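Chemist: Input structure: model-v8.txt, which contains compact mmCIF, C-alpha atoms.
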# COMPACT_ATOMS: atom_id res chain seq x y z
CA MET A 102 16.90 76.42 82.23
CA LEU A 103 13.37 77.71 81.96
CA SER A 104 12.27 74.11 81.42
CA LEU A 105 13.99 73.09 84.66
CA PHE A 106 12.22 75.89 86.50
CA LEU A 107 8.87 74.87 85.04
CA ARG A 108 9.45 71.20 85.80
CA ASP A 109 10.35 71.91 89.43
CA THR A 110 7.42 74.26 89.95
CA ARG A 111 5.10 71.69 88.42
CA LEU A 112 6.53 69.01 90.70
CA GLY A 113 6.12 71.28 93.69
CA LEU A 114 2.52 72.10 92.92
CA ARG A 115 1.37 68.57 92.07
CA ALA A 116 0.51 65.95 94.61
CA GLY A 117 3.33 65.32 97.05
CA GLY A 118 4.72 68.83 96.77
CA GLY A 119 5.47 70.68 99.96
CA VAL A 120 3.33 73.79 99.36
CA LEU A 121 0.42 72.91 101.59
CA ILE A 122 2.58 71.32 104.28
CA GLY A 123 4.67 74.48 104.62
CA ILE A 124 1.62 76.76 104.89
CA LEU A 125 -0.12 74.48 107.37
CA PHE A 126 2.99 74.36 109.51
CA PHE A 127 3.33 78.14 109.39
CA LEU A 128 -0.35 78.50 110.29
CA ALA A 129 0.01 76.04 113.17
CA VAL A 130 3.02 77.84 114.64
CA ILE A 131 1.38 81.28 114.47
CA ALA A 132 -2.02 80.04 115.64
CA VAL A 133 -0.69 78.54 118.87
CA VAL A 134 1.35 81.61 119.88
CA PRO A 135 -1.66 83.60 121.24
CA PHE A 136 -2.65 80.58 123.33
CA GLY A 137 0.86 80.33 124.65
CA VAL A 138 1.48 83.97 125.57
CA GLY A 139 -2.06 84.76 126.70
CA PRO A 140 -4.61 87.37 125.64
CA ASP A 141 -2.32 90.38 125.95
CA LEU A 142 -3.00 92.17 122.65
CA LYS A 143 -0.17 94.68 123.12
CA LEU A 144 2.35 91.93 123.75
CA LEU A 145 1.12 89.97 120.73
CA ALA A 146 1.48 93.02 118.50
CA ARG A 147 4.98 93.58 119.84
CA ILE A 148 6.26 90.05 119.25
CA GLY A 149 4.24 89.65 116.03
CA PRO A 150 6.99 90.38 113.47
CA ALA A 151 9.44 88.11 115.30
CA MET A 152 6.92 85.26 115.52
CA LEU A 153 6.07 85.57 111.82
CA TRP A 154 9.75 85.49 110.95
CA ILE A 155 10.48 82.46 113.14
CA GLY A 156 7.43 80.64 111.77
CA ALA A 157 8.43 81.38 108.18
CA LEU A 158 12.03 80.36 108.85
CA LEU A 159 11.02 77.00 110.29
CA ALA A 160 8.43 76.39 107.56
CA THR A 161 11.08 77.16 104.93
CA LEU A 162 13.49 74.67 106.48
CA LEU A 163 10.79 72.01 106.39
CA GLY A 164 10.93 71.16 102.70
CA LEU A 165 14.54 71.97 101.96
CA ASP A 166 15.99 68.49 102.38
CA ARG A 167 14.06 67.27 99.33
CA LEU A 168 15.64 69.92 97.12
CA PHE A 169 18.24 67.53 95.67
CA GLN A 170 17.31 64.27 97.37
CA ALA A 171 14.30 63.70 95.11
CA ASP A 172 16.48 64.15 92.05
CA ARG A 173 19.09 61.84 93.47
CA ASP A 174 16.59 59.11 94.27
CA ASP A 175 15.36 58.85 90.69
CA GLY A 176 18.73 59.35 88.99
CA SER A 177 18.00 62.82 87.59
CA LEU A 178 20.82 64.32 89.62
CA ASP A 179 23.41 62.31 87.67
CA LEU A 180 22.10 63.74 84.43
CA LEU A 181 21.97 67.28 85.82
CA ILE A 182 25.61 66.95 86.90
CA MET A 183 26.61 65.41 83.56
CA ALA A 184 25.01 68.34 81.72
CA SER A 185 27.31 70.79 83.51
CA ASP A 186 29.19 71.47 80.26
CA ARG A 187 25.96 72.74 78.76
CA HIS A 188 24.45 74.36 81.85
CA ILE A 189 26.81 75.49 84.60
CA LEU A 190 25.94 73.41 87.64
CA ALA A 191 25.80 76.43 89.94
CA LEU A 192 23.21 77.97 87.63
CA THR A 193 21.20 74.74 87.67
CA VAL A 194 21.27 74.87 91.47
CA LEU A 195 20.18 78.52 91.45
CA VAL A 196 17.24 77.73 89.16
CA LYS A 197 16.22 74.83 91.39
CA CYS A 198 16.38 77.14 94.42
CA LEU A 199 14.25 79.75 92.66
CA ALA A 200 11.68 77.12 91.72
CA HIS A 201 11.66 75.83 95.28
CA TRP A 202 11.26 79.33 96.65
CA SER A 203 8.39 80.19 94.31
CA THR A 204 6.44 77.03 95.09
CA CYS A 205 7.17 76.44 98.76
CA VAL A 206 8.19 79.80 100.26
CA LEU A 207 6.36 82.45 98.26
CA PRO A 208 2.98 81.08 99.46
CA LEU A 209 4.23 81.62 103.03
CA VAL A 210 5.04 85.25 102.25
CA ILE A 211 1.61 85.69 100.70
CA ALA A 212 -0.07 84.11 103.74
CA SER A 213 1.89 86.18 106.25
CA PRO A 214 -0.41 89.31 106.18
CA LEU A 215 -3.36 87.13 107.16
CA LEU A 216 -1.37 85.51 109.94
CA GLY A 217 -0.23 89.00 110.99
CA LEU A 218 -3.87 89.75 111.81
CA PHE A 219 -3.84 86.79 114.21
CA MET A 220 -1.03 88.56 116.04
CA ASN A 221 -2.94 91.86 116.32
CA MET A 222 -0.28 93.63 114.26
CA GLU A 223 -0.96 97.07 112.86
CA PRO A 224 -1.03 97.48 109.04
CA ALA A 225 2.39 99.14 108.85
CA ALA A 226 3.98 96.29 110.78
CA ILE A 227 2.22 93.70 108.63
CA GLY A 228 3.40 95.41 105.46
CA ALA A 229 6.97 95.73 106.71
CA THR A 230 7.10 92.11 107.86
CA THR A 231 5.73 90.86 104.53
CA LEU A 232 8.27 92.97 102.65
CA THR A 233 11.19 91.74 104.75
CA LEU A 234 10.00 88.15 104.35
CA LEU A 235 9.79 88.62 100.59
CA VAL A 236 13.37 89.90 100.49
CA GLY A 237 14.87 87.69 103.18
CA THR A 238 13.43 84.22 102.57
CA PRO A 239 15.35 83.66 99.30
CA ALA A 240 18.52 83.84 101.38
CA ILE A 241 17.21 81.04 103.62
CA ALA A 242 16.45 78.87 100.57
CA LEU A 243 19.88 79.59 99.08
CA ILE A 244 21.70 78.78 102.33
CA GLY A 245 19.52 75.70 102.61
CA ALA A 246 20.66 74.53 99.18
CA VAL A 247 24.19 74.17 100.57
CA GLY A 248 22.97 72.06 103.48
CA ALA A 249 20.74 70.00 101.19
CA ALA A 250 23.66 69.38 98.82
CA VAL A 251 25.98 68.35 101.65
CA ALA A 252 23.39 65.97 103.11
CA VAL A 253 22.14 64.64 99.77
CA ALA A 254 23.84 61.28 100.12
CA LEU A 255 22.39 60.65 103.58
CA PRO A 256 19.14 58.67 103.67
CA ARG A 257 17.61 60.73 106.51
CA GLY A 258 19.35 64.02 106.12
CA GLY A 259 16.28 66.14 106.77
CA LEU A 260 16.96 67.14 110.35
CA LEU A 261 20.67 67.35 109.65
CA VAL A 262 20.04 69.91 106.91
CA SER A 263 18.10 72.08 109.35
CA VAL A 264 20.78 71.79 112.02
CA ILE A 265 23.58 72.58 109.57
CA ILE A 266 21.99 75.70 108.14
CA LEU A 267 20.15 77.10 111.14
CA PRO A 268 23.19 78.99 112.49
CA LEU A 269 23.80 80.48 109.05
CA THR A 270 20.24 81.77 108.85
CA ILE A 271 20.51 83.70 112.13
CA PRO A 272 21.78 86.92 110.45
CA VAL A 273 18.83 86.78 108.05
CA LEU A 274 16.48 86.47 111.02
CA ILE A 275 18.14 89.28 112.98
CA PHE A 276 18.11 91.82 110.17
CA GLY A 277 14.68 90.75 108.93
CA VAL A 278 13.09 91.24 112.34
CA SER A 279 14.97 94.46 113.11
CA ALA A 280 13.90 95.95 109.76
CA ALA A 281 10.30 94.98 110.49
CA TYR A 282 10.52 96.64 113.94
CA GLY A 283 12.23 99.65 112.42
CA ALA A 284 9.15 100.32 110.32
CA VAL A 285 6.88 100.69 113.36
CA GLU A 286 9.02 101.71 116.33
CA ASP A 287 10.21 105.23 116.00
CA PRO A 288 13.88 105.45 116.97
CA ALA A 289 14.79 102.17 115.26
CA PRO A 290 15.95 102.52 111.63
CA PHE A 291 14.23 100.62 108.82
CA VAL A 292 16.39 101.30 105.78
CA ALA A 293 19.77 100.19 107.14
CA PRO A 294 18.77 96.67 108.32
CA PHE A 295 16.58 96.27 105.25
CA LEU A 296 19.49 97.01 102.94
CA ILE A 297 21.71 94.61 104.88
CA LEU A 298 18.99 91.98 104.43
CA VAL A 299 19.03 92.62 100.67
CA ALA A 300 22.81 92.35 100.69
CA ILE A 301 22.67 89.02 102.56
CA THR A 302 20.26 87.63 99.97
CA LEU A 303 22.43 88.79 97.07
CA PHE A 304 25.55 87.48 98.77
CA PHE A 305 24.06 84.02 99.24
CA ALA A 306 22.63 84.06 95.70
CA VAL A 307 26.27 83.86 94.60
CA ILE A 308 27.92 81.83 97.37
CA GLY A 309 25.05 79.35 97.92
CA PRO A 310 24.77 77.88 94.41
CA LEU A 311 28.56 77.73 94.00
CA ALA A 312 29.02 75.89 97.29
CA ALA A 313 26.05 73.61 96.65
CA ALA A 314 27.34 72.76 93.16
CA ALA A 315 30.75 71.87 94.58
CA ALA A 316 29.14 69.68 97.25
CA LEU A 317 26.93 67.94 94.67
CA LYS A 318 29.88 67.22 92.39
CA SER A 319 31.87 65.61 95.14
CA SER A 320 28.89 63.65 96.46
CA ALA A 321 28.23 61.84 93.17
CA ASP A 322 28.87 58.15 93.67
CA MET B 284 42.63 42.00 90.10
CA HIS B 285 43.48 41.21 86.52
CA THR B 286 41.14 42.33 83.85
CA GLY B 287 40.99 40.73 80.46
CA HIS B 288 40.28 42.88 77.47
CA SER B 289 40.23 42.78 73.74
CA GLY B 290 42.27 45.74 72.68
CA ARG B 291 41.28 45.69 69.03
CA HIS B 292 42.37 49.00 67.60
CA VAL B 293 40.44 50.22 64.63
CA GLY B 294 41.53 53.02 62.38
CA VAL B 295 38.80 54.47 60.24
CA ASN B 296 35.38 53.04 60.91
CA LYS B 297 32.73 52.36 58.36
CA SER B 298 30.95 55.67 58.80
CA GLY B 299 34.08 57.61 57.99
CA ASN B 300 34.64 59.68 61.14
CA PHE B 301 37.61 59.22 63.41
CA MET B 302 35.83 59.43 66.74
CA ARG B 303 37.35 57.05 69.23
CA LEU B 304 36.72 56.36 72.89
CA VAL B 305 40.08 55.41 74.35
CA ALA B 306 40.92 54.15 77.83
CA GLU B 307 44.54 53.79 78.86
CA ASN B 308 45.64 51.96 81.97
CA LEU B 309 42.34 52.87 83.62
CA ALA B 310 41.76 51.94 87.26
CA GLY B 311 38.63 52.37 89.33
CA GLU B 312 37.92 52.13 93.02
CA ARG B 313 34.91 52.02 95.28
CA GLY B 314 35.24 52.84 98.96
CA GLY B 315 39.04 52.83 98.82
CA GLU B 316 39.25 49.36 97.27
CA ILE B 317 40.61 49.00 93.76
CA LEU B 318 37.99 47.20 91.65
CA PHE B 319 39.90 47.04 88.40
CA SER B 320 43.16 48.39 87.06
CA GLY B 321 45.25 48.41 83.93
CA LEU B 322 42.21 48.57 81.72
CA ASN B 323 42.82 49.40 78.06
CA PHE B 324 40.28 49.60 75.29
CA ALA B 325 39.51 51.61 72.20
CA VAL B 326 36.10 51.87 70.64
CA ALA B 327 35.70 53.64 67.33
CA GLY B 328 32.58 55.34 66.02
CA GLY B 329 30.11 52.76 64.76
CA GLU B 330 31.33 50.12 67.21
CA ALA B 331 29.92 48.70 70.39
CA LEU B 332 31.67 47.54 73.55
CA MET B 333 29.97 44.98 75.76
CA ILE B 334 31.21 44.95 79.35
CA THR B 335 30.53 41.65 81.03
CA GLY B 336 31.60 40.07 84.28
CA PRO B 337 30.26 38.93 87.61
CA ASN B 338 28.48 41.16 90.13
CA GLY B 339 30.84 43.54 91.84
CA ALA B 340 33.44 43.37 89.08
CA GLY B 341 33.17 47.11 88.53
CA LYS B 342 31.02 47.32 85.39
CA SER B 343 28.81 50.12 86.69
CA THR B 344 31.82 51.84 88.25
CA LEU B 345 33.55 51.83 84.87
CA LEU B 346 30.49 53.35 83.20
CA ARG B 347 30.19 56.02 85.88
CA ILE B 348 33.89 56.84 85.49
CA ILE B 349 33.40 57.27 81.73
CA ALA B 350 30.36 59.46 82.45
CA GLY B 351 32.47 61.64 84.73
CA LEU B 352 30.31 60.85 87.77
CA LEU B 353 33.13 59.07 89.61
CA ASP B 354 36.81 59.90 89.78
CA LYS B 355 39.17 57.39 88.28
CA ALA B 356 41.88 55.98 90.50
CA GLU B 357 44.47 56.28 87.73
CA GLY B 358 44.88 56.19 83.99
CA ARG B 359 43.19 58.14 81.25
CA ILE B 360 39.88 58.05 79.45
CA ARG B 361 39.25 60.35 76.52
CA LEU B 362 37.19 60.83 73.41
CA ASP B 363 39.36 61.49 70.34
CA ALA B 364 37.96 63.60 67.54
CA ALA B 365 34.67 64.31 69.22
CA PRO B 366 32.04 65.51 66.75
CA ALA B 367 31.43 69.22 66.42
CA GLY B 368 29.39 70.65 69.24
CA PHE B 369 30.78 68.35 71.91
CA ASP B 370 33.74 69.69 73.87
CA GLY B 371 34.68 66.70 75.89
CA LEU B 372 33.81 63.14 76.75
CA VAL B 373 31.12 63.87 79.33
CA SER B 374 29.19 66.29 77.15
CA ALA B 375 29.12 63.68 74.36
CA CYS B 376 27.66 60.95 76.57
CA HIS B 377 24.17 59.69 77.22
CA TYR B 378 24.06 57.79 80.49
CA LEU B 379 21.31 55.25 81.10
CA GLY B 380 21.85 53.96 84.62
CA HIS B 381 19.83 51.69 86.86
CA LEU B 382 17.51 54.57 87.65
CA ASN B 383 15.29 56.00 84.99
CA ALA B 384 15.69 59.71 85.84
CA MET B 385 11.97 60.35 85.39
CA LYS B 386 9.49 61.98 87.75
CA PRO B 387 6.57 59.70 88.67
CA VAL B 388 4.01 62.52 88.96
CA LEU B 389 4.77 64.01 85.54
CA SER B 390 3.52 62.38 82.37
CA VAL B 391 5.93 60.49 80.14
CA GLU B 392 5.75 63.25 77.55
CA GLU B 393 6.38 65.98 80.12
CA ASN B 394 9.40 64.09 81.41
CA LEU B 395 10.85 63.60 77.96
CA ARG B 396 10.10 67.13 76.86
CA PHE B 397 11.98 68.43 79.89
CA TRP B 398 15.06 66.32 79.17
CA GLN B 399 14.92 67.34 75.52
CA SER B 400 14.93 71.04 76.31
CA PHE B 401 17.54 70.58 79.03
CA CYS B 402 19.94 68.34 77.07
CA GLY B 403 19.40 69.70 73.57
CA ILE B 404 17.31 68.82 70.55
CA GLY B 405 18.10 65.51 68.89
CA ASN B 406 17.14 63.71 65.71
CA HIS B 407 13.77 62.64 67.02
CA THR B 408 10.85 64.54 68.44
CA VAL B 409 9.29 63.29 71.65
CA GLY B 410 6.41 61.73 69.71
CA GLU B 411 8.72 59.92 67.30
CA ALA B 412 10.90 58.64 70.13
CA LEU B 413 7.87 57.30 71.97
CA ASP B 414 6.72 55.57 68.78
CA ARG B 415 10.17 54.00 68.41
CA VAL B 416 9.85 52.38 71.83
CA GLN B 417 6.16 51.60 71.24
CA LEU B 418 4.82 53.87 73.93
CA GLY B 419 3.15 56.25 71.50
CA ASP B 420 -0.33 55.75 72.91
CA ILE B 421 0.48 56.13 76.61
CA GLY B 422 2.68 59.21 76.55
CA HIS B 423 0.03 61.17 78.42
CA LEU B 424 0.07 58.85 81.46
CA PRO B 425 2.01 59.77 84.59
CA PHE B 426 5.35 57.98 84.55
CA GLY B 427 4.57 56.39 87.91
CA TYR B 428 1.66 54.41 86.41
CA LEU B 429 3.89 52.55 83.96
CA SER B 430 5.11 48.99 84.41
CA THR B 431 8.82 48.29 84.95
CA GLY B 432 9.41 47.43 81.30
CA GLN B 433 7.47 50.43 80.07
CA LYS B 434 9.47 52.71 82.37
CA ARG B 435 12.67 51.30 80.93
CA ARG B 436 11.39 51.88 77.40
CA ALA B 437 10.48 55.46 78.28
CA SER B 438 14.01 56.09 79.48
CA ILE B 439 15.37 54.47 76.31
CA ALA B 440 13.31 57.09 74.45
CA ARG B 441 15.37 59.68 76.36
CA LEU B 442 18.45 58.48 74.40
CA LEU B 443 16.72 59.37 71.15
CA ILE B 444 15.35 62.83 71.86
CA SER B 445 18.75 64.46 72.43
CA HIS B 446 21.72 63.64 70.25
CA ARG B 447 24.81 62.23 71.97
CA PRO B 448 27.39 60.21 70.01
CA VAL B 449 28.33 58.00 72.97
CA TRP B 450 25.73 55.90 74.78
CA LEU B 451 26.68 54.48 78.17
CA LEU B 452 24.13 51.82 79.08
CA ASP B 453 24.02 50.06 82.43
CA GLU B 454 21.92 46.90 82.18
CA PRO B 455 19.73 48.58 79.57
CA THR B 456 17.44 45.62 78.99
CA ALA B 457 16.60 44.98 82.65
CA GLY B 458 12.85 44.45 82.80
CA LEU B 459 12.31 44.37 79.03
CA ASP B 460 10.39 41.56 77.32
CA LYS B 461 11.70 39.74 74.25
CA GLY B 462 9.96 41.99 71.73
CA SER B 463 11.22 45.13 73.43
CA GLU B 464 14.76 43.70 73.53
CA ASP B 465 14.66 43.20 69.77
CA GLN B 466 13.27 46.67 69.31
CA PHE B 467 16.03 48.10 71.51
CA ALA B 468 18.64 46.18 69.49
CA ARG B 469 17.29 47.91 66.37
CA VAL B 470 17.53 51.29 68.12
CA MET B 471 21.17 50.58 69.02
CA HIS B 472 21.92 49.37 65.48
CA ALA B 473 20.53 52.61 64.09
CA HIS B 474 22.73 54.57 66.50
CA LEU B 475 25.82 52.55 65.53
CA SER B 476 25.21 52.85 61.80
CA GLY B 477 25.01 56.61 62.35
CA GLY B 478 28.60 56.49 63.60
CA GLY B 479 27.77 56.41 67.31
CA ILE B 480 29.42 54.42 70.08
CA VAL B 481 27.60 52.10 72.48
CA VAL B 482 29.23 51.01 75.73
CA ALA B 483 26.95 48.64 77.59
CA ALA B 484 27.36 46.74 80.84
CA THR B 485 25.18 43.68 80.61
CA HIS B 486 24.61 40.09 81.59
CA LEU B 487 22.37 39.37 78.64
CA PRO B 488 23.32 39.34 74.96
CA LEU B 489 22.04 42.57 73.47
CA GLY B 490 21.81 41.30 69.90
CA LEU B 491 24.72 43.35 68.63
CA ASP B 492 26.91 41.37 66.24
CA GLY B 493 30.57 42.19 66.01
CA ALA B 494 30.68 44.03 69.33
CA GLN B 495 33.91 44.01 71.28
CA GLU B 496 33.67 42.32 74.60
CA LEU B 497 35.41 43.42 77.76
CA VAL B 498 35.39 40.78 80.47
CA MET B 499 35.92 42.24 83.92
CA GLY B 500 36.78 40.48 87.13
CA LYS B 501 37.92 36.91 87.72
CA GLY B 502 34.61 35.38 86.74
CA GLY B 503 32.37 33.19 88.82
CA PHE B 504 32.60 32.76 92.54
When written as structure tokens, how does the structure in this file appear?
Modeler:
Amino acid sequence: MLSLFLRDTRLGLRAGGGVLIGILFFLAVIAVVPFGVGPDLKLLARIGPAMLWIGALLATLLGLDRLFQADRDDGSLDLLIMASDRHILALTVLVKCLAHWSTCVLPLVIASPLLGLFMNMEPAAIGATTLTLLVGTPAIALIGAVGAAVAVALPRGGLLVSVIILPLTIPVLIFGVSAAYGAVEDPAPFVAPFLILVAITLFFAVIGPLAAAAALKSSAD
Amino acid sequence: MHTGHSGRHVGVNKSGNFMRLVAENLAGERGGEILFSGLNFAVAGGEALMITGPNGAGKSTLLRIIAGLLDKAEGRIRLDAAPAGFDGLVSACHYLGHLNAMKPVLSVEENLRFWQSFCGIGNHTVGEALDRVQLGDIGHLPFGYLSTGQKRRASIARLLISHRPVWLLDEPTAGLDKGSEDQFARVMHAHLSGGGIVVAATHLPLGLDGAQELVMGKGGF
């Protein structure tokens, strides 16, 4: 299992991996916001956490369709499915999701404080947003695995994956943003939405791989 | 569609184990259309089964059914007296399909080392396996740089690095030159004399004497 994680991280980091594309997309989204809303620093600071979350969500969706498609195209997926007596398929899926998250999504989380400065956010808001992204983005990747597994047999399933899973990621977005606001705006709570965010991630860490494994098994042809 | 077969039943094979791959009244379908039905065969350890027949006769479908990647329409397929360490048919199978299941950006050695750690240690190390298929000196190259025949040989090396008693080979010699075909025949002979089973779908003679032959489909146009 460790070897699968290492292989997938290596694949992600080498040429053709989605690391740079995701970060550039994230950067592009955040960089154009101040031009769009105008030079109102207060407004920028207020919408900052939400914009960072939306940017990270979209950047995460960007590379998800290749999660299983690449393995299907070269025949590896057959062997991964055949090895399910040795390694439970759901666990294989979970490891692939973790590898995907560490190569394609973790860099976004690391870049988000810098992009927070673009949005004139105060340090507490930047810290809270980064923390909620760190906790919440795994849920997006795990939900995305289900969509990627369902669309794996389709030649151009990329957009379809995003459309399928976008509604399911809305709770993650809502609680992520409200926790980030809770850290800076006084009456709003931070702990409650943050804990719900953690719960969502843990919930999908179980449901996502199981559902994706079932979809992969039935899609083998 | 009638399917001819040679249902030669063998008791104890020359290597002394009782492992047998048995198909009873097996039927396979693709896209709702029955490709073959009423298929019976029994292959004992140390024996090979050549599956021949025209395009579209269902050779690959049969192999994928044996590998557990496709559902059978009806009938039974089982592995009797599987060697210790293998619970069922699928876990005892190596599947070499049309695709090589290798990542182009990783080196040949990295690819093989991953499959070895994922599928279990076999009788050969990665270096030995590469020597057996005469790729010993280019194991460090990215898989994508290899020629078609070399890629095929690299995926043949995958059969050697993890031990599986049953080899399911789909057009294994596609792209191989004459010398490599002979070398591959020796690899298969070594597997058979170790008590293994080879089931190969092929148009070309694989140089295995005394193999059973299963002719699928009506033949010709």
Chemist: Set the distance at 8 Å and use only C-alpha atoms: which residues neighbour range 160-169 of chain A once local chain neighbours fewer than 5 positions away are removed? I'd like the list as a PDB file with C-alpha atoms, in the frame of the given file.
Modeler:
ATOM      1  CA  GLY A 119       5.470  70.680  99.960  1.00  0.00           C
ATOM      2  CA  GLY A 123       4.670  74.480 104.620  1.00  0.00           C
ATOM      3  CA  ILE A 124       1.620  76.760 104.890  1.00  0.00           C
ATOM      4  CA  PHE A 126       2.990  74.360 109.510  1.00  0.00           C
ATOM      5  CA  PHE A 127       3.330  78.140 109.390  1.00  0.00           C
ATOM      6  CA  LEU A 178      20.820  64.320  89.620  1.00  0.00           C
ATOM      7  CA  LYS A 197      16.220  74.830  91.390  1.00  0.00           C
ATOM      8  CA  CYS A 198      16.380  77.140  94.420  1.00  0.00           C
ATOM      9  CA  HIS A 201      11.660  75.830  95.280  1.00  0.00           C
ATOM     10  CA  CYS A 205       7.170  76.440  98.760  1.00  0.00           C
ATOM     11  CA  VAL A 206       8.190  79.800 100.260  1.00  0.00           C
ATOM     12  CA  THR A 238      13.430  84.220 102.570  1.00  0.00           C
ATOM     13  CA  ILE A 241      17.210  81.040 103.620  1.00  0.00           C
ATOM     14  CA  ALA A 242      16.450  78.870 100.570  1.00  0.00           C
ATOM     15  CA  GLY A 245      19.520  75.700 102.610  1.00  0.00           C
ATOM     16  CA  ALA A 246      20.660  74.530  99.180  1.00  0.00           C
ATOM     17  CA  GLY A 248      22.970  72.060 103.480  1.00  0.00           C
ATOM     18  CA  ALA A 249      20.740  70.000 101.190  1.00  0.00           C
ATOM     19  CA  ALA A 250      23.660  69.380  98.820  1.00  0.00           C
ATOM     20  CA  ALA A 252      23.390  65.970 103.110  1.00  0.00           C
ATOM     21  CA  VAL A 253      22.140  64.640  99.770  1.00  0.00           C
ATOM     22  CA  GLY A 258      19.350  64.020 106.120  1.00  0.00           C
ATOM     23  CA  GLY A 259      16.280  66.140 106.770  1.00  0.00           C
ATOM     24  CA  VAL A 262      20.040  69.910 106.910  1.00  0.00           C
ATOM     25  CA  SER A 263      18.100  72.080 109.350  1.00  0.00           C
TER      26      SER A 263
END
Chemist: Applying 12 Å and only C-alpha atoms, which residues near range 217-229 of chain A remain after dropping the ones on its own chain fewer than 5 positions away? List them as a PyMOL selection string.
Modeler: chain A and resi 127-136+138-154+156-157+209-212+234-237+277-286+291-292+294-295
Chemist: Using all atoms listed in the file, find which residues of chain B lie within 6 Å of chain A and jot them down as a list in words.
Modeler: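 The complete set of qualifying residues is Leu352, Leu353, Leu382, Ala384 and Phe397 of chain B.
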Chemist: Have a look at B:Ser390, B:Ala340, B:Leu309, B:Gly368 and name the one nearest to Asp354 in chain B; count all atoms listed in the file.
Modeler: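 When distances to Asp354 in chain B are compared using all atoms listed in the file, the smallest one comes from B:Leu309.
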Chemist: Find the residues near range 429-438 of chain B: any atom within 9 Å, counting all atoms listed in the file, skip ones fewer than 6 places away on the same chain, and give them as a list in words.
Modeler: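 That gives Leu379, Leu382, Asn383, Ala384, Met385, Pro387, Val391, Leu395, Ala412, Leu413, Val416, Gln417, Leu418, Ile421, Gly422, Pro455, Thr456, Ala457, Gly458, Leu459, Asp460, Ser463 and Phe467 of chain B.
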Chemist: So which residues touch His407 in chain B within 10 Å, counting all atoms listed in the file, skipping near sequence neighbours fewer than 3 positions away, as a ChimeraX atom specification?
Modeler: /B:399,404,410-413,415,440-446
Chemist: Print the selection's residues with C-alpha atoms to a file, as an mmCIF file, keeping the file's coordinate frame.
Modeler:
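Output saved as part09.cif:
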data_model
loop_
_atom_site.group_PDB
_atom_site.id
_atom_site.type_symbol
_atom_site.label_atom_id
_atom_site.label_comp_id
_atom_site.auth_asym_id
_atom_site.auth_seq_id
_atom_site.Cartn_x
_atom_site.Cartn_y
_atom_site.Cartn_z
ATOM 1 C CA GLN B 399 14.920 67.340 75.520
ATOM 2 C CA ILE B 404 17.310 68.820 70.550
ATOM 3 C CA GLY B 410 6.410 61.730 69.710
ATOM 4 C CA GLU B 411 8.720 59.920 67.300
ATOM 5 C CA ALA B 412 10.900 58.640 70.130
ATOM 6 C CA LEU B 413 7.870 57.300 71.970
ATOM 7 C CA ARG B 415 10.170 54.000 68.410
ATOM 8 C CA ALA B 440 13.310 57.090 74.450
ATOM 9 C CA ARG B 441 15.370 59.680 76.360
ATOM 10 C CA LEU B 442 18.450 58.480 74.400
ATOM 11 C CA LEU B 443 16.720 59.370 71.150
ATOM 12 C CA ILE B 444 15.350 62.830 71.860
ATOM 13 C CA SER B 445 18.750 64.460 72.430
ATOM 14 C CA HIS B 446 21.720 63.640 70.250
#
Chemist: What does the structure give for the distance between CA of His474 in chain B and CA of Met302 in chain B, in Å to one decimal?
Modeler: 14.0 Å
